[in-house]
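Single-structure report; data block below.
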Amino acid sequence: MHVAEMDFEVASEIRDRLAQMVANSDLGYLGPLPELTEAFSGFAMRRWGWDTASATLKLATDVGVAAVELLRHLAKPGDRVLINTPVYSAFMKWLDEAKLIAHDAPLQLSGDRWQLDIDGIEQALADGVKLYLLCSPQNPVGTVHTRQELSEVARLAKKYDATVIADEIHAPLSWAPFTPYLSLGEDARATGITITSSSKAWNTAGLKAAFVMTQSDQMRQKLAGLPEAMNWRASLLGAFSMVTAFESGERWLDQTVETIQERLALLRSELAAKLPKAKLFAMESTYLAWIDLSAYGMENPQQQLLSDGKVALVAGEDHDPAGGYGQFVRFNFATSETRLKEAVSRMDKVLEA
Ligand SMILES: Cc1ncc(COP(=O)(O)O)c(C=O)c1O
């Protein structure tokens with residue numbers, strides 16, 4: 001239950017497109033891809049009312065490569081980068097790769113929902129942090145940051161002359177209204193860069209294609225020195241699977257978001273019945289549950305669940321450069337009902353023993 005991919009069949013539209021490309025021996029290098037700009041624009045407008053006119057898209061091998069290239073380009077070794085823990089564990093690896101230092105403004109728990117701490121974010125920016133790696137929606141807590149919060153982020157980024165790299169890879173899997181950072185007006189477009197792909201929502205991460213998107217002249221100028229070859233290092237199959245997903249993958253996506261919500265309800269009821277001391281939070285996006293197991297008082301629940309229960313989860317401390325959240329685990333519930341129930345039963349045997 002650890003790696004972030006779904007145990008669901010890929011959309012038939014994407015499988016057909018790939019099969020056709022293979023049948024035609026259409027497996028060469030990527031060329032310019034105006035189809036992607038058009039397909040994503042249509043999707044962004046239908047889904048989020050986001051007008052992407054004047055957007056510039058650059059391909060990248062995956063979102064991780066896009067992030068590392070941007071971090072290297074926008075900062076110099078030793079610079080600090082703002083993050084909000086708990087956050088996707090690869091954020092820390094990307095920062096290490098670019099020799100940068102994480103500066104944390106942790107999410108705050110409000111009721112049973114994790115949310116951005118706008119005061120903490122302002123403090124960091126006022127303290128001179130110039131780059132912000134934002135996870136929107138947030139893996140692992142499944143929070144869809146609100147329009148109001150993100151508008152505040154844009155206002156602060158402008159005020160303190162900071163750049164926001166918004167990783168929006170989970171956005172299509174949201175069931176609460178998602179606000180794309182660049183849709184928020186002039187301050188956001190002047191300060192923001194979006195990195196995303198269809199690969200997470202349509203379950204094609206192995207195909208290797210993503211893109212970097214900007215929507216202002218200031219940002220285009222800022223990114224002018226990015227390695228030109230970055231654009232060509234994506235895969236042709238990945239690139240056309242993105243085009244197909246955004247063009248004709250919404251029926252599949254809607255069904256998948258529905259299934260994910262059903263599985264989340266099942267996870268809640270299974271936990272309530274078998275692991276009543278486990279705490280699951282409110283979430284509005286994606287299929288990764290952040291579970292607090294501290295009431296069980298175990299030193300390292302993730303390790304014990306793996307060794308004694310044979311359930312693979314992601315350890316909480318992987319989501320924080322300071323190693324906090326040791327009593328938490330991340331649980332991928334995009335799987336069959338049977339497997340989900342089996343995982344909770346195995347956890348029950350270890351934790352309630
Ligand atoms: C927030 C976030 N960004 C990026 C990725 C990985 O993207 P890629 O495989 O394109 O590097 C993930 C994978 O789970 C993720 O959760």
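By convention in this document, the chains of the structure tokens carry letters A, B, ... by their order, each chain's residues are numbered from 1, and ligands are numbered from 1 in the order they are shown.
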Which residues of chain A come within 6 Å of ligand 1, and for each one, what is the closest pair of atoms and their distance in Å to one decimal, counting only C-alpha atoms and all ligand atoms, sorted by chain and residue number, as JSON lines?
```
{"residue": "A:Ala4", "atom": "CA", "partner": "ligand 1", "partner_atom_place_in_ligand_line": "14 (O)", "distance": 4.9}
{"residue": "A:Asp62", "atom": "CA", "partner": "ligand 1", "partner_atom_place_in_ligand_line": "10 (O)", "distance": 3.7}
{"residue": "A:Val63", "atom": "CA", "partner": "ligand 1", "partner_atom_place_in_ligand_line": "10 (O)", "distance": 3.6}
{"residue": "A:Gly64", "atom": "CA", "partner": "ligand 1", "partner_atom_place_in_ligand_line": "11 (O)", "distance": 3.7}
{"residue": "A:Tyr88", "atom": "CA", "partner": "ligand 1", "partner_atom_place_in_ligand_line": "16 (O)", "distance": 5.6}
{"residue": "A:Cys135", "atom": "CA", "partner": "ligand 1", "partner_atom_place_in_ligand_line": "1 (C)", "distance": 5.6}
{"residue": "A:Asn139", "atom": "CA", "partner": "ligand 1", "partner_atom_place_in_ligand_line": "16 (O)", "distance": 5.4}
{"residue": "A:Asp167", "atom": "CA", "partner": "ligand 1", "partner_atom_place_in_ligand_line": "3 (N)", "distance": 5.9}
{"residue": "A:Ile169", "atom": "CA", "partner": "ligand 1", "partner_atom_place_in_ligand_line": "3 (N)", "distance": 5.7}
{"residue": "A:Ala205", "atom": "CA", "partner": "ligand 1", "partner_atom_place_in_ligand_line": "9 (O)", "distance": 5.3}
```
Name all residues at most 7 Å from Ala210 in chain A (count only C-alpha atoms; drop same-chain ones fewer than 4 positions away) and give them as an NGL selection string.
:A and (59-63 or 196-197)
Residue selection dump (N, CA and C atoms) as a PDB file, in the first residue's frame:
```pdb
ATOM      1  N   LEU A  59       8.053  20.513 -21.977  1.00  0.00           N
ATOM      2  CA  LEU A  59       7.989  19.134 -21.498  1.00  0.00           C
ATOM      3  C   LEU A  59       9.170  18.839 -20.570  1.00  0.00           C
ATOM      4  N   ALA A  60       8.976  17.822 -19.750  1.00  0.00           N
ATOM      5  CA  ALA A  60      10.071  17.301 -18.916  1.00  0.00           C
ATOM      6  C   ALA A  60       9.846  15.804 -18.770  1.00  0.00           C
ATOM      7  N   THR A  61      10.883  15.089 -18.394  1.00  0.00           N
ATOM      8  CA  THR A  61      10.771  13.625 -18.289  1.00  0.00           C
ATOM      9  C   THR A  61       9.684  13.219 -17.290  1.00  0.00           C
ATOM     10  N   ASP A  62       9.673  13.893 -16.174  1.00  0.00           N
ATOM     11  CA  ASP A  62       8.615  13.664 -15.184  1.00  0.00           C
ATOM     12  C   ASP A  62       8.574  14.891 -14.272  1.00  0.00           C
ATOM     13  N   VAL A  63       7.681  14.901 -13.319  1.00  0.00           N
ATOM     14  CA  VAL A  63       7.554  16.085 -12.457  1.00  0.00           C
ATOM     15  C   VAL A  63       8.806  16.254 -11.597  1.00  0.00           C
ATOM     16  N   THR A 196       3.347  19.719 -13.642  1.00  0.00           N
ATOM     17  CA  THR A 196       2.293  18.710 -13.540  1.00  0.00           C
ATOM     18  C   THR A 196       2.412  17.689 -14.664  1.00  0.00           C
ATOM     19  N   SER A 197       1.504  16.741 -14.635  1.00  0.00           N
ATOM     20  CA  SER A 197       1.427  15.700 -15.653  1.00  0.00           C
ATOM     21  C   SER A 197       0.062  15.034 -15.513  1.00  0.00           C
TER      22      SER A 197
END
```
Between CA of Ser235 in chain A and CA of Glu9 in chain A, what is the distance in Å, rounded to a tenth?
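One can read the CA of Ser235 in chain A to CA of Glu9 in chain A distance as 20.9 Å.
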The residue from A:Gln261, A:Gln148, A:Gln108, A:Thr163 with the smallest atom-to-atom distance to Leu125 in chain A, counting only C-alpha atoms, is A:Thr163
Atomic separation - CA of Ile260 in chain A relative to CA of Ala282 in chain A, Å:
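Value for the CA of Ala282 in chain A-CA of Ile260 in chain A distance: 14.0 Å.
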As a PyMOL selection string, which residues of range 134-342 of chain A does DSSP assign to helix (DSSP H, G or I)?
chain A and resi 147-159+171-173+181-184+186-191+205-207+217-222+228-233+236-248+250-274+294-296+301-309+316-319+337-342
Quick one: residues within 10 Å of Glu342 in chain A, only C-alpha atoms, excluding same-chain residues fewer than 6 positions away - as a list in words?
Glu270, Val311, Ser336 and Asp348 of chain A
Can you check which parts of range 25-126 of chain A lie within 10 Å of range 244-248 of chain A? Per residue, the shortest pair of atoms and distance in Å to one decimal, counting only C-alpha atoms, sorted by chain and number, as JSON lines.
```
{"residue": "A:Glu35", "atom": "CA", "partner": "A:Glu247", "partner_atom": "CA", "distance": 9.3}
{"residue": "A:Leu36", "atom": "CA", "partner": "A:Phe246", "partner_atom": "CA", "distance": 8.2}
{"residue": "A:Thr37", "atom": "CA", "partner": "A:Phe246", "partner_atom": "CA", "distance": 9.8}
{"residue": "A:Glu38", "atom": "CA", "partner": "A:Glu247", "partner_atom": "CA", "distance": 8.6}
{"residue": "A:Ala39", "atom": "CA", "partner": "A:Glu247", "partner_atom": "CA", "distance": 5.0}
{"residue": "A:Phe40", "atom": "CA", "partner": "A:Phe246", "partner_atom": "CA", "distance": 5.6}
{"residue": "A:Ser41", "atom": "CA", "partner": "A:Phe246", "partner_atom": "CA", "distance": 8.6}
{"residue": "A:Gly42", "atom": "CA", "partner": "A:Glu247", "partner_atom": "CA", "distance": 7.4}
{"residue": "A:Phe43", "atom": "CA", "partner": "A:Phe246", "partner_atom": "CA", "distance": 5.5}
{"residue": "A:Ala44", "atom": "CA", "partner": "A:Phe246", "partner_atom": "CA", "distance": 8.5}
```
Can you write just those residues out, all heavy atoms, as a PDB file, in the first residue's frame?
```
ATOM      1  N   GLU A  35      -0.347  19.881 -29.751  1.00  0.00           N
ATOM      2  CA  GLU A  35      -1.546  19.135 -29.305  1.00  0.00           C
ATOM      3  C   GLU A  35      -1.688  19.175 -27.785  1.00  0.00           C
ATOM      4  O   GLU A  35      -2.796  19.168 -27.260  1.00  0.00           O
ATOM      5  CB  GLU A  35      -1.447  17.650 -29.721  1.00  0.00           C
ATOM      6  CG  GLU A  35      -1.442  17.396 -31.207  1.00  0.00           C
ATOM      7  CD  GLU A  35      -0.017  17.271 -31.752  1.00  0.00           C
ATOM      8  OE1 GLU A  35       0.892  17.954 -31.223  1.00  0.00           O
ATOM      9  OE2 GLU A  35       0.171  16.508 -32.705  1.00  0.00           O
ATOM     10  N   LEU A  36      -0.558  19.180 -27.074  1.00  0.00           N
ATOM     11  CA  LEU A  36      -0.637  19.134 -25.607  1.00  0.00           C
ATOM     12  C   LEU A  36      -1.191  20.456 -25.062  1.00  0.00           C
ATOM     13  O   LEU A  36      -2.049  20.456 -24.181  1.00  0.00           O
ATOM     14  CB  LEU A  36       0.740  18.839 -24.993  1.00  0.00           C
ATOM     15  CG  LEU A  36       0.755  18.817 -23.453  1.00  0.00           C
ATOM     16  CD1 LEU A  36      -0.157  17.719 -22.910  1.00  0.00           C
ATOM     17  CD2 LEU A  36       2.168  18.636 -22.920  1.00  0.00           C
ATOM     18  N   THR A  37      -0.692  21.560 -25.589  1.00  0.00           N
ATOM     19  CA  THR A  37      -1.168  22.872 -25.130  1.00  0.00           C
ATOM     20  C   THR A  37      -2.675  22.963 -25.351  1.00  0.00           C
ATOM     21  O   THR A  37      -3.427  23.393 -24.462  1.00  0.00           O
ATOM     22  CB  THR A  37      -0.446  23.986 -25.920  1.00  0.00           C
ATOM     23  OG1 THR A  37       0.951  23.735 -25.844  1.00  0.00           O
ATOM     24  CG2 THR A  37      -0.752  25.359 -25.355  1.00  0.00           C
ATOM     25  N   GLU A  38      -3.103  22.510 -26.511  1.00  0.00           N
ATOM     26  CA  GLU A  38      -4.530  22.583 -26.836  1.00  0.00           C
ATOM     27  C   GLU A  38      -5.356  21.657 -25.938  1.00  0.00           C
ATOM     28  O   GLU A  38      -6.381  22.058 -25.392  1.00  0.00           O
ATOM     29  CB  GLU A  38      -4.703  22.186 -28.301  1.00  0.00           C
ATOM     30  CG  GLU A  38      -6.014  22.657 -28.871  1.00  0.00           C
ATOM     31  CD  GLU A  38      -6.097  22.342 -30.349  1.00  0.00           C
ATOM     32  OE1 GLU A  38      -5.133  22.676 -31.084  1.00  0.00           O
ATOM     33  OE2 GLU A  38      -7.100  21.740 -30.751  1.00  0.00           O
ATOM     34  N   ALA A  39      -4.878  20.431 -25.763  1.00  0.00           N
ATOM     35  CA  ALA A  39      -5.630  19.464 -24.952  1.00  0.00           C
ATOM     36  C   ALA A  39      -5.699  19.922 -23.496  1.00  0.00           C
ATOM     37  O   ALA A  39      -6.756  19.856 -22.851  1.00  0.00           O
ATOM     38  CB  ALA A  39      -4.977  18.084 -25.044  1.00  0.00           C
ATOM     39  N   PHE A  40      -4.578  20.416 -22.955  1.00  0.00           N
ATOM     40  CA  PHE A  40      -4.590  20.835 -21.552  1.00  0.00           C
ATOM     41  C   PHE A  40      -5.460  22.084 -21.366  1.00  0.00           C
ATOM     42  O   PHE A  40      -6.175  22.193 -20.373  1.00  0.00           O
ATOM     43  CB  PHE A  40      -3.169  21.083 -21.022  1.00  0.00           C
ATOM     44  CG  PHE A  40      -3.158  21.379 -19.544  1.00  0.00           C
ATOM     45  CD1 PHE A  40      -3.477  20.384 -18.619  1.00  0.00           C
ATOM     46  CD2 PHE A  40      -2.892  22.649 -19.076  1.00  0.00           C
ATOM     47  CE1 PHE A  40      -3.507  20.653 -17.250  1.00  0.00           C
ATOM     48  CE2 PHE A  40      -2.927  22.936 -17.707  1.00  0.00           C
ATOM     49  CZ  PHE A  40      -3.236  21.930 -16.797  1.00  0.00           C
ATOM     50  N   SER A  41      -5.408  23.004 -22.338  1.00  0.00           N
ATOM     51  CA  SER A  41      -6.237  24.222 -22.241  1.00  0.00           C
ATOM     52  C   SER A  41      -7.714  23.857 -22.150  1.00  0.00           C
ATOM     53  O   SER A  41      -8.450  24.416 -21.331  1.00  0.00           O
ATOM     54  CB  SER A  41      -6.068  25.106 -23.475  1.00  0.00           C
ATOM     55  OG  SER A  41      -4.792  25.597 -23.513  1.00  0.00           O
ATOM     56  N   GLY A  42      -8.132  22.921 -22.999  1.00  0.00           N
ATOM     57  CA  GLY A  42      -9.538  22.505 -22.985  1.00  0.00           C
ATOM     58  C   GLY A  42      -9.907  21.885 -21.646  1.00  0.00           C
ATOM     59  O   GLY A  42     -10.928  22.214 -21.034  1.00  0.00           O
ATOM     60  N   PHE A  43      -9.035  21.013 -21.166  1.00  0.00           N
ATOM     61  CA  PHE A  43      -9.286  20.329 -19.887  1.00  0.00           C
ATOM     62  C   PHE A  43      -9.346  21.338 -18.734  1.00  0.00           C
ATOM     63  O   PHE A  43     -10.250  21.314 -17.900  1.00  0.00           O
ATOM     64  CB  PHE A  43      -8.182  19.297 -19.640  1.00  0.00           C
ATOM     65  CG  PHE A  43      -8.293  18.580 -18.331  1.00  0.00           C
ATOM     66  CD1 PHE A  43      -9.194  17.536 -18.159  1.00  0.00           C
ATOM     67  CD2 PHE A  43      -7.499  18.952 -17.249  1.00  0.00           C
ATOM     68  CE1 PHE A  43      -9.297  16.878 -16.931  1.00  0.00           C
ATOM     69  CE2 PHE A  43      -7.609  18.310 -16.018  1.00  0.00           C
ATOM     70  CZ  PHE A  43      -8.505  17.265 -15.867  1.00  0.00           C
ATOM     71  N   ALA A  44      -8.366  22.260 -18.709  1.00  0.00           N
ATOM     72  CA  ALA A  44      -8.275  23.236 -17.611  1.00  0.00           C
ATOM     73  C   ALA A  44      -9.506  24.137 -17.595  1.00  0.00           C
ATOM     74  O   ALA A  44     -10.016  24.485 -16.519  1.00  0.00           O
ATOM     75  CB  ALA A  44      -7.003  24.063 -17.756  1.00  0.00           C
TER      76      ALA A  44
END
```
Could you pull out the strand (DSSP E) residues of range 91-195 of chain A from DSSP and send them as JSON, numbers by chain?
{"A": [101, 102, 103, 104, 108, 109, 110, 113, 114, 115, 131, 132, 133, 134, 135, 163, 164, 165, 166, 167, 192, 193, 194, 195]}
Selected residues written out, C-alpha atoms, as a PDB file, in the first residue's frame:
```
ATOM      1  CA  ILE A 101      18.030  23.422   2.274  1.00  0.00           C
ATOM      2  CA  ALA A 102      14.434  22.833   3.292  1.00  0.00           C
ATOM      3  CA  HIS A 103      12.810  25.627   5.288  1.00  0.00           C
ATOM      4  CA  ASP A 104       9.591  24.348   6.812  1.00  0.00           C
ATOM      5  CA  GLN A 108      -1.510  23.148  10.787  1.00  0.00           C
ATOM      6  CA  LEU A 109      -4.194  20.811  11.973  1.00  0.00           C
ATOM      7  CA  SER A 110      -7.480  22.659  12.149  1.00  0.00           C
ATOM      8  CA  ARG A 113      -8.107  18.994   8.412  1.00  0.00           C
ATOM      9  CA  TRP A 114      -4.476  19.856   7.638  1.00  0.00           C
ATOM     10  CA  GLN A 115      -4.068  23.322   6.153  1.00  0.00           C
ATOM     11  CA  LEU A 131      11.661  29.883  -3.456  1.00  0.00           C
ATOM     12  CA  TYR A 132       8.542  27.976  -2.403  1.00  0.00           C
ATOM     13  CA  LEU A 133       7.831  24.387  -3.449  1.00  0.00           C
ATOM     14  CA  LEU A 134       4.087  24.102  -2.973  1.00  0.00           C
ATOM     15  CA  CYS A 135       2.238  20.781  -3.072  1.00  0.00           C
ATOM     16  CA  THR A 163       8.910  32.331  -6.771  1.00  0.00           C
ATOM     17  CA  VAL A 164       6.311  29.603  -6.247  1.00  0.00           C
ATOM     18  CA  ILE A 165       6.729  26.227  -7.936  1.00  0.00           C
ATOM     19  CA  ALA A 166       3.266  24.671  -7.689  1.00  0.00           C
ATOM     20  CA  ASP A 167       3.285  20.879  -8.025  1.00  0.00           C
ATOM     21  CA  GLY A 192       4.283  31.146 -10.255  1.00  0.00           C
ATOM     22  CA  ILE A 193       5.332  28.106 -12.243  1.00  0.00           C
ATOM     23  CA  THR A 194       3.163  24.998 -12.456  1.00  0.00           C
ATOM     24  CA  ILE A 195       4.656  21.522 -12.763  1.00  0.00           C
TER      25      ILE A 195
END
```
Non-local contacts of Ala295 in chain A (12 Å; only C-alpha atoms; under 5 positions in same chain excluded) as a VMD selection string
chain A and resid 275 to 279 301 327 to 328 351 to 352
